[in-house]
Amino acid sequence: MMLTPTISGIFYHKKCFQSLFLLVFFSISSCYAEELELDAETVNGCKSNVVAPPATSRAAADAKKLRPPAQGMYPGLYNIGSTLSVYNAFSAMTGKPPAIVYTFHDFIAAQDLTSASPKIRNFREPLEGETTLHPLDLARKLNEKGSILALSWAIECCDFSSISLWYNLSKPNNIVPRILHGDFDDQIRTAAKQIKELGIPIMLALFGEIHPQAWFLFGQDGRTQINNTKNICNQYGDPGWPDGPERVRDTYMHIIDLFRQVGVKNVTWFMYTSTRYMDPTDEHYTPWMHPKYFYPGDDYIDWIGQSAYFIDPENRPDVDKEVKDIAIALKSGYDAWSSVTNRPMLIPEFAALGDGRTSRAKILAEVLTDYLPRLPQIKAFNLANGLLFEANFQIPMLGKHADEVTMWKKSVVNNPDFIYKISYQ
């Protein structure tokens, strides 16, 4: 299956295929790659019981990080492009500003990914879909209104829209191997100093959804698909760990260590996976992508999470057949993460898909007030709301139907289980 963007421009094309496009990541891979088969030789030496390596740095005792609410959860907003105006409009429509605002900022610009000397996009360069607004400005403006910016400083292995990638006729880029080699350390330190000078709290993730990125980080070169390597565990690092997740883990550790070296104390670090993560009914499920292989430990990560895109199973609109109900979208990943850490869970990308003709008020209310409270580790979610999502991914903006706004005010804004006042530790 392929999704064709209806908004023109390199930015929108790229983000459609590298963020929300991963909602149907595995259905796409089945179109272009052989079905995943890992025989005994391929997994020889891989360990099922692993423990995160010792931390090589620790957060400062006076670090200021987002504290999860003791009860309930923070409601938030997810948007790419014109994020501040969408935030203001959403706040006016619903009556309160979201507690958390999530968006993307590319680690390296798309046109620079194959350069011999790529330049990191630091935090003074414009955000995705913006002409002048950069992450530091957005963080300050949100902070003034009582919200915190959650930002994916998105390291991207691949152009997921490339057919040649899926047919193994082209390779992922070499950015992750070069990060681990230390090639970008000075640039990363410069970016870290910008966050330190910002002073106010910010949340940072790397990679966006880590699971599909790791799929392409195997082999000795760190640029091989999991299903095209002779052994998934003995080509990098610890010979008992699957190499793709291990490289993601080590990238987090390396960059966080560098931030700590320059004295950054205002970052809440998070990492998250994709919808239907660890769903055993998915044809590309593999135990070697379990979060225990990604997770660098509580000394490094403050929040964990997973995307959740779902439909109303009782009133299914005309949407992609791979999209399932909330339990299938979320529960397997929730259970897997919960077996690894007690860190609070964030749903950075949360949305009920629809055709725009049918109100989603009922299913959103049920999920928010009935289903999510039964998963106590979930302490925040960000509703996907924006023109990009509406145009390309059958996610109507809230307000297409008046009863959706009424529902939101009743079920979220005026519900004491949803906490708008954020606190720090």
# chains A, B, ... in the order shown; residues from 1 in each chain; ligands from 1
$ residues_around --residues "region 97-112 of chain A" --least-positions-apart "4" --cutoff "9 Å" --atoms "only C-alpha atoms" --output "ChimeraX atom specification"
/A:10-11,14,74-81,83,87-88,90-92,116-123,125-128,134-135,142,145-156,159,175,203,206-208,348-349,380-382,419-422
$ select_by_dssp --residues "region 320-414 of chain A" --states "alpha helix (DSSP H)" --output "CSV table (one decimal) with N, CA and C atoms, in the first residue's frame"
chain,number,residue,atom,x,y,z
A,326,ILE,N,-8.3,0.5,19.4
A,326,ILE,CA,-7.3,1.1,20.3
A,326,ILE,C,-6.5,0.0,21.1
A,327,ALA,N,-7.2,-1.1,21.4
A,327,ALA,CA,-6.5,-2.2,22.1
A,327,ALA,C,-5.4,-2.8,21.3
A,328,ILE,N,-5.7,-3.1,20.0
A,328,ILE,CA,-4.7,-3.7,19.1
A,328,ILE,C,-3.6,-2.6,18.8
A,329,ALA,N,-4.0,-1.4,18.7
A,329,ALA,CA,-3.0,-0.3,18.5
A,329,ALA,C,-2.0,-0.2,19.6
A,330,LEU,N,-2.4,-0.4,20.8
A,330,LEU,CA,-1.6,0.1,22.0
A,330,LEU,C,-1.2,-1.0,23.0
A,331,LYS,N,-2.0,-1.9,23.2
A,331,LYS,CA,-1.8,-2.8,24.4
A,331,LYS,C,-0.6,-3.6,24.4
A,332,SER,N,-0.2,-4.2,23.3
A,332,SER,CA,1.0,-5.1,23.2
A,332,SER,C,2.2,-4.3,23.6
A,333,GLY,N,2.3,-3.1,23.0
A,333,GLY,CA,3.5,-2.2,23.2
A,333,GLY,C,3.5,-1.8,24.7
A,334,TYR,N,2.3,-1.4,25.2
A,334,TYR,CA,2.2,-1.0,26.6
A,334,TYR,C,2.7,-2.1,27.5
A,335,ASP,N,2.3,-3.3,27.3
A,335,ASP,CA,2.7,-4.4,28.2
A,335,ASP,C,4.2,-4.6,28.0
A,336,ALA,N,4.8,-4.5,26.8
A,336,ALA,CA,6.2,-4.8,26.6
A,336,ALA,C,7.0,-3.7,27.3
A,337,TRP,N,6.7,-2.4,27.2
A,337,TRP,CA,7.4,-1.3,27.8
A,337,TRP,C,7.3,-1.5,29.4
A,338,SER,N,6.1,-1.9,29.8
A,338,SER,CA,5.9,-2.0,31.3
A,338,SER,C,6.7,-3.1,31.9
A,361,ALA,N,-16.6,11.8,18.1
A,361,ALA,CA,-16.8,12.2,19.5
A,361,ALA,C,-16.9,11.0,20.4
A,362,LYS,N,-17.7,10.0,20.0
A,362,LYS,CA,-18.0,8.9,20.9
A,362,LYS,C,-16.7,8.0,21.1
A,363,ILE,N,-16.0,7.7,20.0
A,363,ILE,CA,-14.8,6.8,20.2
A,363,ILE,C,-13.7,7.6,21.0
A,364,LEU,N,-13.6,8.9,20.7
A,364,LEU,CA,-12.5,9.6,21.5
A,364,LEU,C,-12.9,9.7,23.0
A,365,ALA,N,-14.1,9.9,23.3
A,365,ALA,CA,-14.6,10.0,24.7
A,365,ALA,C,-14.3,8.6,25.4
A,366,GLU,N,-14.7,7.5,24.7
A,366,GLU,CA,-14.5,6.2,25.3
A,366,GLU,C,-13.0,5.9,25.5
A,387,LEU,N,-3.3,20.4,9.6
A,387,LEU,CA,-3.7,20.3,8.1
A,387,LEU,C,-2.9,19.2,7.5
A,388,LEU,N,-1.7,19.0,7.8
A,388,LEU,CA,-0.9,17.9,7.2
A,388,LEU,C,-1.5,16.5,7.5
A,389,PHE,N,-2.0,16.3,8.7
A,389,PHE,CA,-2.6,15.0,9.0
A,389,PHE,C,-3.9,14.8,8.4
A,390,GLU,N,-4.7,15.9,8.3
A,390,GLU,CA,-6.0,15.9,7.7
A,390,GLU,C,-5.9,15.6,6.2
A,391,ALA,N,-4.9,16.2,5.5
A,391,ALA,CA,-4.8,16.1,4.1
A,391,ALA,C,-4.3,14.7,3.7
A,392,ASN,N,-3.5,14.1,4.5
A,392,ASN,CA,-2.7,12.9,4.1
A,392,ASN,C,-3.1,11.6,4.8
A,393,PHE,N,-3.6,11.7,6.0
A,393,PHE,CA,-3.7,10.5,6.9
A,393,PHE,C,-5.1,10.3,7.5
A,402,ALA,N,-19.2,19.8,15.6
A,402,ALA,CA,-19.3,20.5,16.8
A,402,ALA,C,-19.4,19.6,18.0
A,403,ASP,N,-19.9,18.4,17.9
A,403,ASP,CA,-20.0,17.6,19.1
A,403,ASP,C,-18.6,17.1,19.5
A,404,GLU,N,-17.6,17.1,18.6
A,404,GLU,CA,-16.3,16.7,19.0
A,404,GLU,C,-15.7,17.7,20.0
A,405,VAL,N,-15.9,19.0,19.7
A,405,VAL,CA,-15.5,20.1,20.6
A,405,VAL,C,-16.2,20.0,21.9
A,406,THR,N,-17.5,19.8,21.9
A,406,THR,CA,-18.3,19.6,23.1
A,406,THR,C,-17.8,18.5,23.9
A,407,MET,N,-17.5,17.4,23.2
A,407,MET,CA,-17.0,16.2,23.9
A,407,MET,C,-15.7,16.5,24.6
A,408,TRP,N,-14.8,17.2,23.9
A,408,TRP,CA,-13.5,17.5,24.4
A,408,TRP,C,-13.6,18.4,25.7
$ residues_around --residues "Asp299 (chain A)" --least-positions-apart "2" --cutoff "9 Å" --atoms "only C-alpha atoms" --output "list in words"
Ala55, Ser57, Arg58, Ala59, Pro296, Gly297, Ile301 and Asp302 of chain A
$ residues_around --residues "Gln220 (chain A)" --least-positions-apart "6" --cutoff "9 Å" --atoms "only C-alpha atoms" --output "PyMOL selection string"
chain A and resi 229+234-236+243
$ residues_around --residues "Pro69 (chain A)" --least-positions-apart "3" --cutoff "7 Å" --atoms "only C-alpha atoms" --output "mmCIF file with C-alpha atoms, in the first residue's frame"
data_model
loop_
_atom_site.group_PDB
_atom_site.id
_atom_site.type_symbol
_atom_site.label_atom_id
_atom_site.label_comp_id
_atom_site.auth_asym_id
_atom_site.auth_seq_id
_atom_site.Cartn_x
_atom_site.Cartn_y
_atom_site.Cartn_z
ATOM 1 C CA GLY A 72 -4.551 11.300 35.687
ATOM 2 C CA MET A 73 -2.617 12.502 32.653
ATOM 3 C CA LYS A 379 0.577 9.863 32.003
#
$ residues_around --residues "Gly240 (chain A)" --least-positions-apart "2" --cutoff "10 Å" --atoms "only C-alpha atoms" --output "list in words"
Val43, Asn44, Gly45, Cys46, Lys47, Ser48, Asn49, Val50, Ile232, Cys233, Asn234, Tyr236, Gly237, Asp238, Pro242, Asp243 and Glu246 of chain A
$ write_last_selection --atoms "N, CA and C atoms" --output "PDB file, in the first residue's frame"
ATOM      1  N   VAL A  43      19.920 -15.847  14.183  1.00  0.00           N
ATOM      2  CA  VAL A  43      19.803 -15.382  15.570  1.00  0.00           C
ATOM      3  C   VAL A  43      20.759 -16.124  16.497  1.00  0.00           C
ATOM      4  N   ASN A  44      21.711 -16.848  15.943  1.00  0.00           N
ATOM      5  CA  ASN A  44      22.663 -17.595  16.756  1.00  0.00           C
ATOM      6  C   ASN A  44      23.446 -16.663  17.683  1.00  0.00           C
ATOM      7  N   GLY A  45      23.420 -16.957  18.976  1.00  0.00           N
ATOM      8  CA  GLY A  45      24.133 -16.151  19.957  1.00  0.00           C
ATOM      9  C   GLY A  45      23.316 -15.023  20.555  1.00  0.00           C
ATOM     10  N   CYS A  46      22.152 -14.719  19.990  1.00  0.00           N
ATOM     11  CA  CYS A  46      21.310 -13.644  20.526  1.00  0.00           C
ATOM     12  C   CYS A  46      20.754 -14.049  21.891  1.00  0.00           C
ATOM     13  N   LYS A  47      20.711 -13.108  22.797  1.00  0.00           N
ATOM     14  CA  LYS A  47      20.250 -13.365  24.158  1.00  0.00           C
ATOM     15  C   LYS A  47      18.813 -12.879  24.339  1.00  0.00           C
ATOM     16  N   SER A  48      18.035 -13.691  25.031  1.00  0.00           N
ATOM     17  CA  SER A  48      16.673 -13.267  25.342  1.00  0.00           C
ATOM     18  C   SER A  48      16.605 -12.514  26.661  1.00  0.00           C
ATOM     19  N   ASN A  49      17.580 -12.717  27.527  1.00  0.00           N
ATOM     20  CA  ASN A  49      17.642 -12.002  28.807  1.00  0.00           C
ATOM     21  C   ASN A  49      18.822 -11.046  28.781  1.00  0.00           C
ATOM     22  N   VAL A  50      18.519  -9.781  28.792  1.00  0.00           N
ATOM     23  CA  VAL A  50      19.576  -8.771  28.747  1.00  0.00           C
ATOM     24  C   VAL A  50      19.316  -7.710  29.810  1.00  0.00           C
ATOM     25  N   ILE A 232      21.842 -11.222  13.225  1.00  0.00           N
ATOM     26  CA  ILE A 232      21.301  -9.940  13.662  1.00  0.00           C
ATOM     27  C   ILE A 232      21.965  -9.422  14.929  1.00  0.00           C
ATOM     28  N   CYS A 233      22.851 -10.219  15.559  1.00  0.00           N
ATOM     29  CA  CYS A 233      23.382  -9.827  16.865  1.00  0.00           C
ATOM     30  C   CYS A 233      24.900  -9.675  16.942  1.00  0.00           C
ATOM     31  N   ASN A 234      25.653 -10.255  16.029  1.00  0.00           N
ATOM     32  CA  ASN A 234      27.104 -10.280  16.242  1.00  0.00           C
ATOM     33  C   ASN A 234      27.891  -9.387  15.289  1.00  0.00           C
ATOM     34  N   TYR A 236      27.831  -5.931  15.632  1.00  0.00           N
ATOM     35  CA  TYR A 236      28.104  -4.646  16.300  1.00  0.00           C
ATOM     36  C   TYR A 236      27.983  -4.842  17.804  1.00  0.00           C
ATOM     37  N   GLY A 237      28.855  -4.228  18.551  1.00  0.00           N
ATOM     38  CA  GLY A 237      28.710  -4.164  20.002  1.00  0.00           C
ATOM     39  C   GLY A 237      28.658  -5.520  20.686  1.00  0.00           C
ATOM     40  N   ASP A 238      27.756  -5.635  21.642  1.00  0.00           N
ATOM     41  CA  ASP A 238      27.573  -6.874  22.393  1.00  0.00           C
ATOM     42  C   ASP A 238      27.015  -7.944  21.468  1.00  0.00           C
ATOM     43  N   PRO A 242      20.529  -7.651  19.636  1.00  0.00           N
ATOM     44  CA  PRO A 242      20.202  -7.320  18.251  1.00  0.00           C
ATOM     45  C   PRO A 242      20.779  -5.954  17.885  1.00  0.00           C
ATOM     46  N   ASP A 243      21.490  -5.912  16.771  1.00  0.00           N
ATOM     47  CA  ASP A 243      22.325  -4.746  16.461  1.00  0.00           C
ATOM     48  C   ASP A 243      21.540  -3.473  16.175  1.00  0.00           C
ATOM     49  N   GLU A 246      20.347  -2.040  19.429  1.00  0.00           N
ATOM     50  CA  GLU A 246      21.543  -1.666  20.189  1.00  0.00           C
ATOM     51  C   GLU A 246      22.129  -0.355  19.675  1.00  0.00           C
TER      52      GLU A 246
END
$ atom_distance --atom1 "CA of Lys321 (chain A)" --atom2 "CA of Pro172 (chain A)"
28.0 Å
$ residues_around --residues "Asn174 (chain A)" --least-positions-apart "4" --cutoff "10 Å" --atoms "only C-alpha atoms" --output "PDB file with N, CA and C atoms, in the first residue's frame"
ATOM      1  N   LEU A 113      21.549  14.561   3.782  1.00  0.00           N
ATOM      2  CA  LEU A 113      21.754  13.245   4.387  1.00  0.00           C
ATOM      3  C   LEU A 113      22.846  12.438   3.693  1.00  0.00           C
ATOM      4  N   THR A 114      23.015  12.609   2.409  1.00  0.00           N
ATOM      5  CA  THR A 114      24.022  11.839   1.680  1.00  0.00           C
ATOM      6  C   THR A 114      25.302  12.631   1.427  1.00  0.00           C
ATOM      7  N   SER A 115      25.388  13.813   2.008  1.00  0.00           N
ATOM      8  CA  SER A 115      26.587  14.632   1.840  1.00  0.00           C
ATOM      9  C   SER A 115      27.775  14.012   2.573  1.00  0.00           C
ATOM     10  N   ALA A 116      28.962  14.241   2.056  1.00  0.00           N
ATOM     11  CA  ALA A 116      30.171  13.758   2.724  1.00  0.00           C
ATOM     12  C   ALA A 116      30.423  14.517   4.014  1.00  0.00           C
ATOM     13  N   GLU A 156      17.117  10.283  11.043  1.00  0.00           N
ATOM     14  CA  GLU A 156      16.380   9.458  10.085  1.00  0.00           C
ATOM     15  C   GLU A 156      17.334   8.610   9.270  1.00  0.00           C
ATOM     16  N   CYS A 157      17.107   7.301   9.332  1.00  0.00           N
ATOM     17  CA  CYS A 157      18.004   6.378   8.637  1.00  0.00           C
ATOM     18  C   CYS A 157      17.774   6.337   7.148  1.00  0.00           C
ATOM     19  N   CYS A 158      16.523   6.676   6.727  1.00  0.00           N
ATOM     20  CA  CYS A 158      16.094   6.253   5.395  1.00  0.00           C
ATOM     21  C   CYS A 158      15.047   7.191   4.806  1.00  0.00           C
ATOM     22  N   ARG A 178      27.899   7.185  11.888  1.00  0.00           N
ATOM     23  CA  ARG A 178      28.800   8.325  12.063  1.00  0.00           C
ATOM     24  C   ARG A 178      28.597   8.990  13.421  1.00  0.00           C
ATOM     25  N   ILE A 179      27.357   9.040  13.911  1.00  0.00           N
ATOM     26  CA  ILE A 179      27.125   9.556  15.265  1.00  0.00           C
ATOM     27  C   ILE A 179      27.890   8.717  16.271  1.00  0.00           C
ATOM     28  N   LEU A 217      19.195  -0.728  10.743  1.00  0.00           N
ATOM     29  CA  LEU A 217      20.482  -0.414  11.358  1.00  0.00           C
ATOM     30  C   LEU A 217      21.272  -1.661  11.732  1.00  0.00           C
ATOM     31  N   ASP A 221      27.944  -2.607   8.714  1.00  0.00           N
ATOM     32  CA  ASP A 221      27.934  -1.210   8.280  1.00  0.00           C
ATOM     33  C   ASP A 221      26.861  -0.381   8.967  1.00  0.00           C
ATOM     34  N   GLY A 222      25.941  -1.024   9.707  1.00  0.00           N
ATOM     35  CA  GLY A 222      24.849  -0.296  10.333  1.00  0.00           C
ATOM     36  C   GLY A 222      23.876   0.273   9.329  1.00  0.00           C
ATOM     37  N   ARG A 223      23.833  -0.324   8.132  1.00  0.00           N
ATOM     38  CA  ARG A 223      22.988   0.196   7.046  1.00  0.00           C
ATOM     39  C   ARG A 223      22.288  -0.952   6.322  1.00  0.00           C
TER      40      ARG A 223
END
$ closest_residue --among "A:Asp183, A:Asp62, A:Glu209, A:Glu130" --to "Met271 (chain A)" --atoms "only C-alpha atoms"
A:Glu209
$ closest_residue --among "A:Val413, A:Leu136, A:Ala214, A:Leu66" --to "Ala192 (chain A)" --atoms "only C-alpha atoms"
A:Leu136
$ atom_distance --atom1 "CA of Trp269 (chain A)" --atom2 "CA of Pro373 (chain A)"
23.6 Å
$ atom_distance --atom1 "CA of Ala52 (chain A)" --atom2 "CA of Phe184 (chain A)"
24.5 Å
$ closest_residue --among "A:Met93, A:Arg124, A:Phe216, A:Ser170" --to "Lys400 (chain A)" --atoms "only C-alpha atoms"
A:Met93
